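Asks: Below: one structure in structure tokens.
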Amino acid sequence: SPADLAQARSELRRIFGFDSFRGVQEDVLARVLAGQSTLAVMPTGAGKSLTYQLPATMLEGTCVVISPLIALMHDQLRSARANGIAAATLTSVDSDWRETQDAFRRGELDLLYVAPERASQAGFRDMLSSARVGLIAVDEAHCVSEWGHDFRPDYRQLRGLLDALPHVPRLALTATADAHTRADILSQLGIPADGLVLAGFDRPNICYTITQRDNLARQITDLMASEPGPGIVYAPTRAKVEKLSEQLADATGRPVLPYHAGLDAQVRRDNQAAFVASEDMVIVATVAFGMGIDKPDVRFVAHAGIPKSIEGYYQETGRAGRDGDPARAVMLWGAGDFATARQRLSDVEQHRLAGERARLDALAGLVETPTCRRAVLLRHFGENPPVSCGNCDNCLAPPKVTDVTELARKLLSA
Ligand code: ADP
Ligand code: MG
């Protein structure tokens with residue numbers, strides 16, 4: 001109701017110190033406060049956490065949040081507590097389980113973060129029945145779908161928890177879900193189809209370029225020469241990360257550091273911290289790098305090979321230009337990349353194969369399109385964008401279509 005939203009607005013100011021809601025936050029909050037189950041699809045950085053943290057302080061009962069990464073949960077815990085919200089986590093690394101359970105039973109918790117594998121355990125379900133739950137929030141909800149780009153079997157088990165609390169409203173949150181994945185999330189989590197709230201995905205300040213690789217080190221050196229600010233280069237393997245970071249450091253004289261899972265944990269932390277603090281560093285990394293990193297002034301993200309999917313591409317390139325200033329996303333693909341990726345699909349479990357194939361095909365569509373890249377990206381996420389954005393390679397320098405039409409003519413007349 002309007003009264004709920006008015007109260008939410010004053011709580012927004014009082015608890016978080018923000019003046020207004022951003023984008024679709026208000027639509028999501030209106031539904032949640034009215035007890036309606038909702039799937040919110042909002043880009044990274046759009047402020048999804050607030051859409052459950054705020055209701056957590058307003059609703060009767062505790063808001064239980066399912067979140068896939070312990071590190072992210074603890075970040076959230078810190079910031080919630082800093083805002084004076086009564087929050088706790090139940091994960092394998094927490095030792096204060098008893099205190100947390102007691103506080104929950106006494107109804108003292110606004111927010112309780114729990115890992116998906118805990119959430120599905122009978123003991124946890126029993127605990128939930130001992131006090132009032134006002135909302136169940138499922139963060140990174142694409143993990144529930146085998147169609148999603150990051151399926152986690154633990155998320156499948158959430159069904160038991162939801163079935164045990166049939167009358168508690170649910171809020172599923174994700175940054176990246178295509179139409180198929182969205183439909184799957186809705187049905188898996190028992191959210192009605194009209195409970196979908198979709199935010200704008202456009203990142204107008206990012207200029208998208210997708211080019212074939214010829215001389216990778218030279219192409220990225222050129223990019224670095226035109227973009228003196230911080231940048232991320234994603235490379236497909238640890239070996240390529242190591243090699244490329246050396247080549248780029250030698251060729252440009254700029255600070256360049258590697259990041260991959262094979263490096264010592266302390267080295268990884270140091271390199272990440274150095275990058276976050278730097279105004280001109282380039283980090284060459286595997287996709288292990290980036291989650292949960294908040295660096296607003298990244299000026300370019302380059303892919304030295306194809307990403308795993310359009311969702312992955314959007315997420316990785318989305319780390320550029322968070323400050324709203326012009327930034328670039330440059331993908332350098334090779335003729336063999338798709339063949340290699342298709343070969344790897346032979347290891348994929350049978351029931352996921354169709355989804356993985358469809359994801360690669362969608363990515364190929366983005367790479368091969370002679371039309372606006374942004375339009376292809378946004379349509380993939382269910383939007384209806386203008387035909388031309390004026391800020392991607394194909395809009396800025398339209399590819400010659402004579403070859404394409406000639407081919408089409410031949411095919412049609414054959
Ligand atoms: P997401 O989970 O969607 O990636 P977060 O919930 O982590 O995004 O929020 C991203 C940032 O935006 C946080 O620093 C948060 O405090 C800030 N934020 C969220 N809502 C608002 C708002 N209404 N006004 C200003 N800043 C906001
Ligand atoms: Mg989030």
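Following the order of the structure tokens, chains are lettered A, B, ..., residues in each are numbered from 1, and ligands are numbered from 1.
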Can you list, as a list in words, all residues belonging to stretch 165-266 of chain A that DSSP tags as strand (DSSP E or B)?
Replies: Arg170, Leu171, Ala172, Leu173, Thr174, Leu196, Val197, Leu198, Ile206, Cys207, Tyr208, Thr209, Ile210, Thr211, Gln212, Gly231, Ile232, Val233, Tyr234, Val256, Leu257, Pro258 and Tyr259 of chain A
Asks: Please extract the residues at most 8 Å from ligand 2, counting only C-alpha atoms and all ligand atoms, and provide them as a count of residues only, using the chain letters and residue numbers of this document.
Replies: 8
Asks: Would you list the residues that come within 9 Å of ligand 1? Count only C-alpha atoms and all ligand atoms and give the answer as an MDAnalysis selection string.
Replies: chainID A and resid 12 16:23 25:26 41:51 76 79 139:140 173:175 292 294
Asks: Take the residues that were just selected and, keeping N, CA and C atoms, output them as an mmCIF file, in the first residue's frame.
Replies:
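Final output, result-v6.cif:
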data_model
loop_
_atom_site.group_PDB
_atom_site.id
_atom_site.type_symbol
_atom_site.label_atom_id
_atom_site.label_comp_id
_atom_site.auth_asym_id
_atom_site.auth_seq_id
_atom_site.Cartn_x
_atom_site.Cartn_y
_atom_site.Cartn_z
ATOM 1 N N LEU A 12 14.279 4.019 4.594
ATOM 2 C CA LEU A 12 15.424 4.085 3.678
ATOM 3 C C LEU A 12 16.375 5.193 4.119
ATOM 4 N N PHE A 16 19.484 3.522 6.046
ATOM 5 C CA PHE A 16 20.558 3.438 5.048
ATOM 6 C C PHE A 16 21.132 4.800 4.666
ATOM 7 N N GLY A 17 20.429 5.864 5.016
ATOM 8 C CA GLY A 17 20.916 7.195 4.669
ATOM 9 C C GLY A 17 20.775 7.529 3.199
ATOM 10 N N PHE A 18 19.904 6.811 2.464
ATOM 11 C CA PHE A 18 19.677 7.108 1.047
ATOM 12 C C PHE A 18 18.413 7.950 0.883
ATOM 13 N N ASP A 19 18.438 8.831 -0.131
ATOM 14 C CA ASP A 19 17.313 9.747 -0.325
ATOM 15 C C ASP A 19 16.166 9.151 -1.119
ATOM 16 N N SER A 20 16.514 8.270 -2.065
ATOM 17 C CA SER A 20 15.434 7.757 -2.913
ATOM 18 C C SER A 20 15.755 6.342 -3.356
ATOM 19 N N PHE A 21 14.713 5.654 -3.798
ATOM 20 C CA PHE A 21 14.931 4.321 -4.351
ATOM 21 C C PHE A 21 15.517 4.446 -5.737
ATOM 22 N N ARG A 22 16.182 3.406 -6.160
ATOM 23 C CA ARG A 22 16.772 3.403 -7.495
ATOM 24 C C ARG A 22 16.034 2.408 -8.377
ATOM 25 N N GLY A 23 15.778 2.810 -9.601
ATOM 26 C CA GLY A 23 15.197 1.893 -10.591
ATOM 27 C C GLY A 23 13.960 1.187 -10.076
ATOM 28 N N GLN A 25 13.665 -0.819 -7.554
ATOM 29 C CA GLN A 25 13.632 -1.171 -6.128
ATOM 30 C C GLN A 25 12.238 -0.956 -5.531
ATOM 31 N N GLU A 26 11.633 0.153 -5.914
ATOM 32 C CA GLU A 26 10.345 0.509 -5.348
ATOM 33 C C GLU A 26 9.263 -0.508 -5.740
ATOM 34 N N VAL A 41 14.772 -9.410 -11.260
ATOM 35 C CA VAL A 41 15.959 -9.543 -12.099
ATOM 36 C C VAL A 41 16.515 -8.139 -12.296
ATOM 37 N N MET A 42 17.608 -7.868 -11.625
ATOM 38 C CA MET A 42 18.204 -6.526 -11.636
ATOM 39 C C MET A 42 19.706 -6.660 -11.828
ATOM 40 N N PRO A 43 20.300 -5.786 -12.653
ATOM 41 C CA PRO A 43 21.736 -5.921 -12.914
ATOM 42 C C PRO A 43 22.579 -5.776 -11.650
ATOM 43 N N THR A 44 23.787 -6.282 -11.734
ATOM 44 C CA THR A 44 24.750 -6.137 -10.649
ATOM 45 C C THR A 44 24.914 -4.670 -10.279
ATOM 46 N N GLY A 45 24.905 -4.388 -9.000
ATOM 47 C CA GLY A 45 25.085 -3.018 -8.540
ATOM 48 C C GLY A 45 23.789 -2.232 -8.475
ATOM 49 N N ALA A 46 22.669 -2.857 -8.898
ATOM 50 C CA ALA A 46 21.387 -2.143 -8.918
ATOM 51 C C ALA A 46 20.792 -1.982 -7.521
ATOM 52 N N GLY A 47 21.310 -2.741 -6.568
ATOM 53 C CA GLY A 47 20.805 -2.617 -5.201
ATOM 54 C C GLY A 47 19.765 -3.661 -4.845
ATOM 55 N N LYS A 48 20.058 -4.914 -5.154
ATOM 56 C CA LYS A 48 19.117 -5.982 -4.833
ATOM 57 C C LYS A 48 19.008 -6.222 -3.322
ATOM 58 N N SER A 49 20.140 -6.132 -2.610
ATOM 59 C CA SER A 49 20.115 -6.469 -1.175
ATOM 60 C C SER A 49 19.101 -5.639 -0.412
ATOM 61 N N LEU A 50 19.008 -4.369 -0.806
ATOM 62 C CA LEU A 50 18.101 -3.475 -0.096
ATOM 63 C C LEU A 50 16.645 -3.949 -0.160
ATOM 64 N N THR A 51 16.305 -4.661 -1.227
ATOM 65 C CA THR A 51 14.912 -5.071 -1.397
ATOM 66 C C THR A 51 14.497 -6.167 -0.420
ATOM 67 N N GLN A 76 27.875 -8.950 3.683
ATOM 68 C CA GLN A 76 26.519 -8.435 3.889
ATOM 69 C C GLN A 76 26.208 -8.281 5.371
ATOM 70 N N SER A 79 27.825 -5.135 6.681
ATOM 71 C CA SER A 79 27.190 -3.878 6.298
ATOM 72 C C SER A 79 25.792 -3.756 6.909
ATOM 73 N N ASP A 139 19.001 -15.283 -2.821
ATOM 74 C CA ASP A 139 19.908 -14.449 -3.608
ATOM 75 C C ASP A 139 20.601 -15.319 -4.658
ATOM 76 N N GLU A 140 21.041 -14.712 -5.752
ATOM 77 C CA GLU A 140 21.675 -15.448 -6.858
ATOM 78 C C GLU A 140 20.775 -16.609 -7.289
ATOM 79 N N LEU A 173 16.197 -13.310 -6.233
ATOM 80 C CA LEU A 173 16.969 -12.209 -6.806
ATOM 81 C C LEU A 173 18.071 -12.737 -7.696
ATOM 82 N N THR A 174 18.215 -12.142 -8.858
ATOM 83 C CA THR A 174 19.350 -12.508 -9.715
ATOM 84 C C THR A 174 19.683 -11.350 -10.656
ATOM 85 N N ALA A 175 20.929 -11.334 -11.095
ATOM 86 C CA ALA A 175 21.342 -10.308 -12.049
ATOM 87 C C ALA A 175 21.271 -10.836 -13.468
ATOM 88 N N GLY A 292 32.213 -9.880 -6.291
ATOM 89 C CA GLY A 292 32.233 -9.162 -5.031
ATOM 90 C C GLY A 292 33.238 -8.021 -4.990
ATOM 91 N N ASP A 294 34.324 -4.340 -5.718
ATOM 92 C CA ASP A 294 33.636 -3.100 -5.989
ATOM 93 C C ASP A 294 34.659 -2.030 -6.355
#
Asks: With distances taken over only C-alpha atoms, which of A:Ser346, A:Val298, A:Ala265, A:Ala199 is nearest to A:Ala277?
Replies: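 Residue with the minimum atom-to-atom distance to A:Ala277: A:Val298.
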Asks: Show me, as a list in words, the residues that have an atom within 9 Å of stretch 388-400 of chain A when counting only C-alpha atoms, minus same-chain residues fewer than 5 positions from it.
Replies: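 The residues that qualify are Pro204, Asn205, Ile206, Cys207, Tyr208, Thr209, Ile210, Thr211, Thr369, Pro370, Thr371, Cys372, Arg373, Arg374 and Ala375 of chain A.
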Asks: One decimal, Å: what's the distance from atom CA of A:Gly312 over to atom CA of A:Leu77, could you say?
Replies: 26.4 Å
Asks: Could you tell me which of A:Asp4, A:Asp94, A:Glu311, A:Glu146 comes closest to A:Gln350 if we count only C-alpha atoms?
Replies: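 The shortest atom-to-atom distance to A:Gln350 comes from A:Glu146.
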Asks: Identify, on the basis of only C-alpha atoms, every residue whose closest approach to A:Pro228 does not exceed 9 Å; exclude the query and any residue fewer than 6 positions from it along the same chain; express the result as a list in words.
Replies: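 In the requested form, the answer reads Arg254, Glu279, Asp280, Met281 and Arg299 of chain A.
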Asks: Based on the selection just made, write C-alpha atoms of those residues as a short mmCIF file (atom, residue, chain, number, x, y, z; two decimals), in the first residue's frame.
Replies:
data_model
loop_
_atom_site.label_atom_id
_atom_site.label_comp_id
_atom_site.auth_asym_id
_atom_site.auth_seq_id
_atom_site.Cartn_x
_atom_site.Cartn_y
_atom_site.Cartn_z
CA ARG A 254 52.41 -0.27 -16.99
CA GLU A 279 44.48 4.12 -10.96
CA ASP A 280 46.37 2.54 -13.85
CA MET A 281 46.84 -1.14 -13.15
CA ARG A 299 37.96 1.61 -17.75
#
Asks: Considering only C-alpha atoms, state which residue in the set A:Arg125, A:Lys240, A:Arg14, A:Arg379 is at the smallest distance from A:His303.
Replies: A:Lys240
Asks: Would you mind reading off the distance between atom CA of A:Ile220 and atom CA of A:Asp150, one decimal, in Å?
Replies: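 Interatomic distance, atom CA of A:Ile220 to atom CA of A:Asp150: 28.6 Å.
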Asks: Just want the 8 Å neighbourhood of A:Thr317, counted on only C-alpha atoms, with same-chain residues fewer than 4 positions away dropped. Output as a list in words.
Replies: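 Counting only C-alpha atoms, the residues come to Val301, Ala302, Tyr313 and Ala329 of chain A.
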Asks: Do you know which residues are at most 7 Å from A:Leu171 counting only C-alpha atoms, after dropping those on the same chain fewer than 5 positions away, and could you put them as a list in words?
Replies: Ser37, Thr38, Leu39, Ile136, Ala137 and Val138 of chain A
Asks: Hey, what's within 12 Å of A:Val276 if we count only C-alpha atoms and toss same-chain stuff fewer than 5 positions away? As a ChimeraX atom specification, please?
Replies: /A:229-232,257,269-271,281-283,289-290,292-298
Asks: Residues as selected, C-alpha atoms, written as a compact mmCIF listing (two decimals), in the first residue's frame, can you do that?
Replies:
# COMPACT_ATOMS: atom_id res chain seq x y z
CA GLY A 229 42.90 3.72 -16.58
CA PRO A 230 42.49 0.42 -14.71
CA GLY A 231 41.54 -2.63 -16.77
CA ILE A 232 40.74 -6.32 -16.46
CA LEU A 257 49.48 -8.37 -12.29
CA ARG A 269 44.64 -11.11 -1.97
CA ASP A 270 47.62 -8.78 -2.46
CA ASN A 271 47.12 -8.52 -6.23
CA MET A 281 46.84 -1.14 -13.15
CA VAL A 282 45.77 -3.93 -15.48
CA ILE A 283 44.97 -7.30 -13.97
CA PHE A 289 38.50 -12.78 -10.50
CA GLY A 290 35.82 -10.20 -9.99
CA GLY A 292 32.23 -9.16 -5.03
CA ILE A 293 34.88 -6.64 -6.11
CA ASP A 294 33.64 -3.10 -5.99
CA LYS A 295 35.94 -0.93 -8.12
CA PRO A 296 33.94 1.79 -9.83
CA ASP A 297 36.65 3.18 -12.16
CA VAL A 298 37.54 0.11 -14.26
Asks: Taking only C-alpha atoms into account, name the residue in A:Arg13, A:Arg156, A:His180, A:Arg132 that is nearest to A:Val168.
Replies: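 The shortest atom-to-atom distance to A:Val168 comes from A:Arg132.
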